[in-house]
Amino acid sequence: MTTVSEEMRQLGYELSAQFADNFLGSREDRGELTLWVLPPVWREAARFLRDAGYNHLSDLTAVDYLDRDPRFDLMAIMASHVKCDFVRLKTVLGLGEPVDSLVPVWTGSNWFEREIYDLFGIEFQDHPDLKRILLPADYQGHPLRKDYPVTGPAGSRFR
Amino acid sequence: MELVTPGDGGEQQQQQQQQQMLYSSDSFFPPQGRTSGFGFVTTTLSKVVDLLGADKYIRLARKHSVWPALFGLACCAIEMMATSGSRFDISRFGAEVFRASPRQSDLMIVAGRVSIKMAPVLRQIYDQMPDPKWVISMGACASCGGVFNNYAIVQGVDKIVPVDVYVAGCPPTPEALITAFNMLQEKIEHGIPPGVSPAVAHAENPNLVRLDMASIAPYPG
């Protein structure tokens, strides 16, 4: 499957019409559709796609583009068990900029968001239990940021 | 046995410094060091046993009934399981009874990379094991961090607990683990205290440690 189906394209148009000013753009690549929105409508866009049939939150993660101005990409992959297809929803976030939690839409996004908070330091508003999930509770820093030294800060424990 | 004269403070201090270096006291959880050292030899009972010449047989019994604690942390644990399985069969050396409780174990085989979050847990389980207790650091990750030279992994389990035998490999073969276990048995047989290098133990207490010098000589080419 190397092209995006007409049905998915239609979905993209509908989303852009729904969130007119907050819709950033879309991209088709190798049969995969990516939709960009601005942070204020992050949750509503996700809810829109869920109600359109993409019922399963497959992945939720972030990317750090260190030199870009809105530094982080927040990315959700949503799969549809009915259409056997998936769509990617993205938003851009600056350093220290909070974003709405997706827990009201998918309860399962709870731990994904805790992981992103742990490793990237992105804060999620309305998250029921936002704390570190992988690293020790007293850990300082967010290691998956590109400006974090891979071997940890100098003088850290057990080195 | 050479006695340190009271006036000879400098040498004593030097010895203390050496000991501190040996047990890397700058780590977050300082190893127990001396308390588990010659404890079992210096108790009154052991002295009596020593006089009777029975310590040799106690060591022999101890050597052939080492019970390891289950401490599989990563892929090395698969090799550890294979070692206890019928093909390699560590029960030939009396160590087949892997215990799920530290209270019933003598040996901790740290099999895998130790994350910083796991470090306090590992130290607590080590502390819960009754004396005398030994540690085998299995594989590159447990010994020095291995490929995981990053923020999350402890760069060598000897920063948390004193280690008796290090096993090279990624992961080590069951044969390598069995060889390490045999080396540990040699240490036990010669009365070398846990967490102490054989050469150091011999230099400090030449009368207590009956050391076959061949056992600490490097392997021939």
# chains A, B, ... in the order shown; residues from 1 in each chain; ligands from 1

$ residues_around --residues "Ala142 of chain B" --least-positions-apart "6" --cutoff "12 Å" --atoms "only C-alpha atoms" --output "PyMOL selection string"
chain B and resi 71-77+108-115+119+122+135-136+148-149+153-161+163+165-172

$ interface_residues --of "chain A" --to "chain B" --cutoff "8 Å" --atoms "only C-alpha atoms" --output "list of chain:residue names"
A:Leu135, A:Pro136, A:Pro143, A:Val150, A:Thr151, A:Gly152, A:Pro153, A:Arg157, A:Phe158, A:Arg159

$ write_last_selection --atoms "N, CA, C and O atoms" --output "PDB file, in the first residue's frame"
ATOM      1  N   LEU A 135      12.614   6.173  35.552  1.00  0.00           N
ATOM      2  CA  LEU A 135      13.785   6.551  36.347  1.00  0.00           C
ATOM      3  C   LEU A 135      13.401   6.693  37.816  1.00  0.00           C
ATOM      4  O   LEU A 135      12.223   6.826  38.146  1.00  0.00           O
ATOM      5  N   PRO A 136      14.389   6.655  38.721  1.00  0.00           N
ATOM      6  CA  PRO A 136      14.083   6.821  40.143  1.00  0.00           C
ATOM      7  C   PRO A 136      13.383   8.151  40.405  1.00  0.00           C
ATOM      8  O   PRO A 136      13.607   9.136  39.699  1.00  0.00           O
ATOM      9  N   PRO A 143      16.602  12.554  30.328  1.00  0.00           N
ATOM     10  CA  PRO A 143      17.711  12.024  29.532  1.00  0.00           C
ATOM     11  C   PRO A 143      17.483  11.935  28.030  1.00  0.00           C
ATOM     12  O   PRO A 143      18.458  11.880  27.299  1.00  0.00           O
ATOM     13  N   VAL A 150      24.871  11.648  27.370  1.00  0.00           N
ATOM     14  CA  VAL A 150      24.368  10.271  27.345  1.00  0.00           C
ATOM     15  C   VAL A 150      24.857   9.474  28.552  1.00  0.00           C
ATOM     16  O   VAL A 150      24.175   8.581  29.039  1.00  0.00           O
ATOM     17  N   THR A 151      26.040   9.827  29.073  1.00  0.00           N
ATOM     18  CA  THR A 151      26.541   9.093  30.236  1.00  0.00           C
ATOM     19  C   THR A 151      26.103   9.745  31.540  1.00  0.00           C
ATOM     20  O   THR A 151      26.631   9.424  32.596  1.00  0.00           O
ATOM     21  N   GLY A 152      25.137  10.648  31.471  1.00  0.00           N
ATOM     22  CA  GLY A 152      24.673  11.322  32.665  1.00  0.00           C
ATOM     23  C   GLY A 152      25.555  12.507  32.992  1.00  0.00           C
ATOM     24  O   GLY A 152      26.672  12.632  32.491  1.00  0.00           O
ATOM     25  N   PRO A 153      25.078  13.424  33.845  1.00  0.00           N
ATOM     26  CA  PRO A 153      25.878  14.586  34.202  1.00  0.00           C
ATOM     27  C   PRO A 153      27.140  14.170  34.949  1.00  0.00           C
ATOM     28  O   PRO A 153      27.175  13.116  35.587  1.00  0.00           O
ATOM     29  N   ARG A 157      25.906   9.408  40.264  1.00  0.00           N
ATOM     30  CA  ARG A 157      26.135   8.230  41.090  1.00  0.00           C
ATOM     31  C   ARG A 157      26.658   7.045  40.280  1.00  0.00           C
ATOM     32  O   ARG A 157      26.319   6.875  39.133  1.00  0.00           O
ATOM     33  N   PHE A 158      27.425   6.213  40.914  1.00  0.00           N
ATOM     34  CA  PHE A 158      27.863   4.919  40.384  1.00  0.00           C
ATOM     35  C   PHE A 158      28.659   5.036  39.107  1.00  0.00           C
ATOM     36  O   PHE A 158      28.604   4.181  38.250  1.00  0.00           O
ATOM     37  N   ARG A 159      29.416   6.115  38.918  1.00  0.00           N
ATOM     38  CA  ARG A 159      30.268   6.184  37.737  1.00  0.00           C
ATOM     39  C   ARG A 159      31.727   6.022  38.131  1.00  0.00           C
ATOM     40  O   ARG A 159      32.105   6.372  39.200  1.00  0.00           O
TER      41      ARG A 159
END

$ select_by_dssp --residues "chain A" --states "strand (DSSP E)" --output "ChimeraX atom specification"
/A:23-29,32-37,56-64,72-80,85-93,99-100,124-125

$ select_by_dssp --residues "segment 104-140 of chain B" --states "helix (DSSP H, G or I)" --output "list in words"
Gln104, Ala119, Pro120, Val121, Leu122, Arg123, Gln124, Ile125, Tyr126, Asp127, Gln128, Gly139 and Ala140 of chain B

$ write_last_selection --atoms "all heavy atoms" --output "short mmCIF file (atom, residue, chain, number, x, y, z; two decimals), in the first residue's frame"
data_model
loop_
_atom_site.label_atom_id
_atom_site.label_comp_id
_atom_site.auth_asym_id
_atom_site.auth_seq_id
_atom_site.Cartn_x
_atom_site.Cartn_y
_atom_site.Cartn_z
N GLN B 104 18.04 -17.70 52.65
CA GLN B 104 18.50 -19.08 52.52
C GLN B 104 19.67 -19.21 51.55
O GLN B 104 20.02 -20.31 51.16
CB GLN B 104 17.34 -19.96 52.03
CG GLN B 104 16.16 -19.93 52.97
CD GLN B 104 14.91 -20.51 52.34
OE1 GLN B 104 14.88 -20.82 51.16
NE2 GLN B 104 13.88 -20.67 53.15
N ALA B 119 19.69 -0.60 42.02
CA ALA B 119 20.84 -0.67 42.92
C ALA B 119 20.46 -0.79 44.40
O ALA B 119 20.99 -1.66 45.10
CB ALA B 119 21.74 0.54 42.69
N PRO B 120 19.54 0.04 44.92
CA PRO B 120 19.18 -0.11 46.34
C PRO B 120 18.53 -1.46 46.64
O PRO B 120 18.74 -2.02 47.72
CB PRO B 120 18.19 1.02 46.58
CG PRO B 120 18.25 1.91 45.42
CD PRO B 120 18.82 1.14 44.28
N VAL B 121 17.77 -1.99 45.67
CA VAL B 121 17.13 -3.30 45.86
C VAL B 121 18.18 -4.39 45.98
O VAL B 121 18.14 -5.24 46.88
CB VAL B 121 16.18 -3.58 44.67
CG1 VAL B 121 15.48 -4.91 44.86
CG2 VAL B 121 15.18 -2.46 44.48
N LEU B 122 19.16 -4.32 45.06
CA LEU B 122 20.23 -5.32 45.08
C LEU B 122 21.00 -5.27 46.39
O LEU B 122 21.28 -6.30 47.00
CB LEU B 122 21.18 -5.07 43.89
CG LEU B 122 22.25 -6.11 43.65
CD1 LEU B 122 22.36 -6.39 42.17
CD2 LEU B 122 23.60 -5.67 44.17
N ARG B 123 21.28 -4.06 46.81
CA ARG B 123 22.04 -3.92 48.06
C ARG B 123 21.23 -4.47 49.25
O ARG B 123 21.77 -5.10 50.14
CB ARG B 123 22.38 -2.44 48.29
CG ARG B 123 23.11 -2.16 49.58
CD ARG B 123 24.50 -2.75 49.56
NE ARG B 123 24.98 -2.98 50.91
CZ ARG B 123 26.22 -3.30 51.23
NH1 ARG B 123 27.12 -3.45 50.30
NH2 ARG B 123 26.57 -3.51 52.46
N GLN B 124 19.92 -4.23 49.24
CA GLN B 124 19.09 -4.70 50.34
C GLN B 124 19.05 -6.23 50.37
O GLN B 124 19.15 -6.84 51.43
CB GLN B 124 17.67 -4.15 50.22
CG GLN B 124 16.83 -4.49 51.43
CD GLN B 124 15.43 -3.91 51.36
OE1 GLN B 124 15.08 -3.23 50.41
NE2 GLN B 124 14.64 -4.19 52.36
N ILE B 125 18.93 -6.83 49.21
CA ILE B 125 18.90 -8.31 49.16
C ILE B 125 20.24 -8.87 49.62
O ILE B 125 20.29 -9.85 50.35
CB ILE B 125 18.53 -8.77 47.74
CG1 ILE B 125 17.05 -8.47 47.50
CG2 ILE B 125 18.82 -10.24 47.54
CD1 ILE B 125 16.56 -8.83 46.15
N TYR B 126 21.32 -8.19 49.21
CA TYR B 126 22.64 -8.63 49.68
C TYR B 126 22.72 -8.54 51.20
O TYR B 126 23.23 -9.45 51.86
CB TYR B 126 23.72 -7.78 49.02
CG TYR B 126 25.12 -8.09 49.51
CD1 TYR B 126 25.81 -9.18 49.01
CD2 TYR B 126 25.73 -7.30 50.48
CE1 TYR B 126 27.08 -9.48 49.46
CE2 TYR B 126 27.00 -7.60 50.93
CZ TYR B 126 27.67 -8.69 50.42
OH TYR B 126 28.92 -8.99 50.87
N ASP B 127 22.23 -7.46 51.76
CA ASP B 127 22.27 -7.28 53.21
C ASP B 127 21.43 -8.32 53.94
O ASP B 127 21.72 -8.67 55.08
CB ASP B 127 21.79 -5.87 53.59
CG ASP B 127 22.82 -4.81 53.28
OD1 ASP B 127 24.01 -5.19 53.15
OD2 ASP B 127 22.46 -3.64 53.15
N GLN B 128 20.37 -8.80 53.29
CA GLN B 128 19.50 -9.78 53.92
C GLN B 128 20.08 -11.18 53.92
O GLN B 128 19.60 -12.05 54.63
CB GLN B 128 18.14 -9.80 53.21
CG GLN B 128 17.28 -8.60 53.54
CD GLN B 128 16.05 -8.51 52.68
OE1 GLN B 128 15.96 -9.16 51.65
NE2 GLN B 128 15.10 -7.71 53.10
N GLY B 139 29.09 -11.51 33.68
CA GLY B 139 28.98 -10.80 32.42
C GLY B 139 29.55 -9.40 32.45
O GLY B 139 29.85 -8.83 33.50
N ALA B 140 29.68 -8.84 31.25
CA ALA B 140 30.31 -7.53 31.10
C ALA B 140 29.50 -6.43 31.80
O ALA B 140 30.07 -5.54 32.42
CB ALA B 140 30.48 -7.21 29.63
#

$ residues_around --residues "Arg50 of chain A" --least-positions-apart "3" --cutoff "9 Å" --atoms "only C-alpha atoms" --output "list in words"
Ala45, Ala46, Arg47, Gly53, Tyr54, Asn55, His56, Leu57, Met78, Ser80, Val105 and Trp106 of chain A

$ write_last_selection --atoms "N, CA, C and O atoms" --output "PDB file, in the first residue's frame"
ATOM      1  N   ALA A  45      -8.441  17.158  18.651  1.00  0.00           N
ATOM      2  CA  ALA A  45      -8.118  16.495  17.384  1.00  0.00           C
ATOM      3  C   ALA A  45      -8.029  14.990  17.587  1.00  0.00           C
ATOM      4  O   ALA A  45      -8.500  14.202  16.751  1.00  0.00           O
ATOM      5  N   ALA A  46      -7.427  14.599  18.725  1.00  0.00           N
ATOM      6  CA  ALA A  46      -7.331  13.169  19.019  1.00  0.00           C
ATOM      7  C   ALA A  46      -8.727  12.586  19.204  1.00  0.00           C
ATOM      8  O   ALA A  46      -9.026  11.490  18.704  1.00  0.00           O
ATOM      9  N   ARG A  47      -9.580  13.337  19.881  1.00  0.00           N
ATOM     10  CA  ARG A  47     -10.951  12.848  20.101  1.00  0.00           C
ATOM     11  C   ARG A  47     -11.703  12.729  18.767  1.00  0.00           C
ATOM     12  O   ARG A  47     -12.418  11.761  18.526  1.00  0.00           O
ATOM     13  N   GLY A  53     -13.190   6.604  14.064  1.00  0.00           N
ATOM     14  CA  GLY A  53     -12.939   5.173  13.872  1.00  0.00           C
ATOM     15  C   GLY A  53     -11.555   4.711  14.273  1.00  0.00           C
ATOM     16  O   GLY A  53     -11.304   3.513  14.339  1.00  0.00           O
ATOM     17  N   TYR A  54     -10.649   5.638  14.547  1.00  0.00           N
ATOM     18  CA  TYR A  54      -9.293   5.231  14.962  1.00  0.00           C
ATOM     19  C   TYR A  54      -9.310   5.007  16.468  1.00  0.00           C
ATOM     20  O   TYR A  54      -8.913   5.852  17.256  1.00  0.00           O
ATOM     21  N   ASN A  55      -9.752   3.807  16.846  1.00  0.00           N
ATOM     22  CA  ASN A  55     -10.147   3.552  18.229  1.00  0.00           C
ATOM     23  C   ASN A  55      -8.986   3.195  19.135  1.00  0.00           C
ATOM     24  O   ASN A  55      -9.109   3.204  20.342  1.00  0.00           O
ATOM     25  N   HIS A  56      -7.825   2.875  18.552  1.00  0.00           N
ATOM     26  CA  HIS A  56      -6.737   2.321  19.362  1.00  0.00           C
ATOM     27  C   HIS A  56      -5.522   3.246  19.340  1.00  0.00           C
ATOM     28  O   HIS A  56      -4.998   3.556  18.258  1.00  0.00           O
ATOM     29  N   LEU A  57      -5.105   3.700  20.524  1.00  0.00           N
ATOM     30  CA  LEU A  57      -3.888   4.503  20.612  1.00  0.00           C
ATOM     31  C   LEU A  57      -2.703   3.561  20.592  1.00  0.00           C
ATOM     32  O   LEU A  57      -2.408   2.875  21.570  1.00  0.00           O
ATOM     33  N   MET A  78      -2.501   6.395  15.843  1.00  0.00           N
ATOM     34  CA  MET A  78      -3.800   5.812  16.165  1.00  0.00           C
ATOM     35  C   MET A  78      -4.163   4.788  15.113  1.00  0.00           C
ATOM     36  O   MET A  78      -4.084   5.051  13.924  1.00  0.00           O
ATOM     37  N   SER A  80      -6.911   1.833  13.587  1.00  0.00           N
ATOM     38  CA  SER A  80      -8.328   1.470  13.525  1.00  0.00           C
ATOM     39  C   SER A  80      -8.441  -0.034  13.345  1.00  0.00           C
ATOM     40  O   SER A  80      -7.913  -0.588  12.378  1.00  0.00           O
ATOM     41  N   VAL A 105      -9.403  10.947  26.702  1.00  0.00           N
ATOM     42  CA  VAL A 105      -9.771  10.308  25.434  1.00  0.00           C
ATOM     43  C   VAL A 105      -9.428   8.815  25.479  1.00  0.00           C
ATOM     44  O   VAL A 105     -10.254   7.968  25.204  1.00  0.00           O
ATOM     45  N   TRP A 106      -8.165   8.509  25.795  1.00  0.00           N
ATOM     46  CA  TRP A 106      -7.737   7.127  25.976  1.00  0.00           C
ATOM     47  C   TRP A 106      -7.131   6.980  27.364  1.00  0.00           C
ATOM     48  O   TRP A 106      -6.100   7.616  27.663  1.00  0.00           O
TER      49      TRP A 106
END

$ residues_around --residues "segment 175-185 of chain B" --least-positions-apart "6" --cutoff "12 Å" --atoms "only C-alpha atoms" --output "JSON, numbers by chain"
{"B": [59, 60, 61, 62, 63, 64, 65, 66, 67, 68, 76, 77, 78, 79, 80, 81, 82, 83, 84, 87, 88, 89, 90, 91, 92, 93, 94, 95, 96, 106, 107, 108, 109, 110, 111, 133, 134, 135, 136, 137, 138, 139, 163, 164, 165, 166, 167, 168, 169, 191, 192, 193, 194, 195, 196, 197, 198, 215, 216]}

$ residues_around --residues "segment 107-116 of chain A" --least-positions-apart "5" --cutoff "10 Å" --atoms "only C-alpha atoms" --output "list in words"
His56, Leu57, Ser58, Asp59, Leu60, Thr61, Ala62, Val63, Leu74, Ala76, Ser101, Leu102, Gly121, Ile122, Glu123, Phe124, His127, Pro128, Asp129, Leu130, Lys131, Arg132, Ile133, Leu134, Leu135, His142 and Leu144 of chain A

$ atom_distance --atom1 "atom CA of Ala20 of chain A" --atom2 "atom CA of Trp42 of chain A"
13.2 Å

$ residues_around --residues "Leu89 of chain A" --least-positions-apart "2" --cutoff "8 Å" --atoms "only C-alpha atoms" --output "PyMOL selection string"
chain A and resi 34-37+46+75-78+87+91

$ write_last_selection --atoms "all heavy atoms" --output "short mmCIF file (atom, residue, chain, number, x, y, z; two decimals), in the first residue's frame"
data_model
loop_
_atom_site.label_atom_id
_atom_site.label_comp_id
_atom_site.auth_asym_id
_atom_site.auth_seq_id
_atom_site.Cartn_x
_atom_site.Cartn_y
_atom_site.Cartn_z
N THR A 34 0.06 11.82 7.86
CA THR A 34 0.41 12.54 9.08
C THR A 34 -0.33 13.86 9.11
O THR A 34 -0.33 14.58 8.11
CB THR A 34 1.93 12.80 9.14
OG1 THR A 34 2.62 11.56 8.97
CG2 THR A 34 2.32 13.41 10.46
N LEU A 35 -0.94 14.15 10.25
CA LEU A 35 -1.70 15.39 10.38
C LEU A 35 -1.09 16.23 11.50
O LEU A 35 -0.85 15.71 12.60
CB LEU A 35 -3.16 15.08 10.71
CG LEU A 35 -3.91 14.20 9.69
CD1 LEU A 35 -5.18 13.66 10.32
CD2 LEU A 35 -4.22 14.99 8.43
N TRP A 36 -0.80 17.50 11.20
CA TRP A 36 -0.25 18.39 12.22
C TRP A 36 -1.32 19.34 12.74
O TRP A 36 -2.07 19.92 11.96
CB TRP A 36 0.87 19.23 11.62
CG TRP A 36 2.23 18.65 11.79
CD1 TRP A 36 3.03 18.74 12.88
CD2 TRP A 36 2.97 17.91 10.81
NE1 TRP A 36 4.23 18.10 12.65
CE2 TRP A 36 4.22 17.58 11.40
CE3 TRP A 36 2.72 17.49 9.51
CZ2 TRP A 36 5.20 16.85 10.73
CZ3 TRP A 36 3.69 16.77 8.84
CH2 TRP A 36 4.91 16.46 9.44
N VAL A 37 -1.36 19.48 14.06
CA VAL A 37 -2.25 20.49 14.65
C VAL A 37 -1.45 21.30 15.65
O VAL A 37 -0.34 20.93 16.02
CB VAL A 37 -3.47 19.85 15.35
CG1 VAL A 37 -4.37 19.16 14.35
CG2 VAL A 37 -3.03 18.90 16.43
N ALA A 46 -7.43 14.60 18.72
CA ALA A 46 -7.33 13.17 19.02
C ALA A 46 -8.73 12.59 19.20
O ALA A 46 -9.03 11.49 18.70
CB ALA A 46 -6.48 12.95 20.27
N MET A 75 3.82 13.14 19.23
CA MET A 75 3.30 12.33 18.14
C MET A 75 2.45 11.19 18.68
O MET A 75 2.84 10.51 19.62
CB MET A 75 4.47 11.75 17.36
CG MET A 75 4.07 10.97 16.15
SD MET A 75 5.45 10.02 15.55
CE MET A 75 5.44 8.70 16.73
N ALA A 76 1.29 11.01 18.08
CA ALA A 76 0.42 9.89 18.46
C ALA A 76 0.10 9.08 17.21
O ALA A 76 -0.20 9.66 16.16
CB ALA A 76 -0.87 10.40 19.09
N ILE A 77 0.22 7.78 17.33
CA ILE A 77 -0.18 6.90 16.23
C ILE A 77 -1.47 6.22 16.64
O ILE A 77 -1.53 5.59 17.70
CB ILE A 77 0.90 5.85 15.91
CG1 ILE A 77 2.17 6.55 15.45
CG2 ILE A 77 0.41 4.89 14.85
CD1 ILE A 77 3.33 5.62 15.23
N MET A 78 -2.50 6.40 15.84
CA MET A 78 -3.80 5.81 16.16
C MET A 78 -4.16 4.79 15.11
O MET A 78 -4.08 5.05 13.92
CB MET A 78 -4.88 6.90 16.20
CG MET A 78 -4.58 7.95 17.23
SD MET A 78 -5.37 9.46 16.78
CE MET A 78 -4.42 10.61 17.74
N VAL A 87 -3.30 6.29 11.46
CA VAL A 87 -3.04 7.68 11.11
C VAL A 87 -2.16 8.27 12.20
O VAL A 87 -2.19 7.83 13.35
CB VAL A 87 -4.36 8.47 10.95
CG1 VAL A 87 -5.11 8.55 12.27
CG2 VAL A 87 -4.10 9.86 10.41
N THR A 91 1.95 17.32 16.95
CA THR A 91 1.89 18.72 17.34
C THR A 91 3.30 19.18 17.69
O THR A 91 4.19 18.35 17.89
CB THR A 91 0.92 18.96 18.51
OG1 THR A 91 0.77 20.35 18.71
CG2 THR A 91 1.42 18.32 19.78
#

$ closest_residue --among "A:Thr3, A:Gln140, A:Arg43, A:Ala17" --to "Asp126 of chain A" --atoms "only C-alpha atoms"
A:Arg43
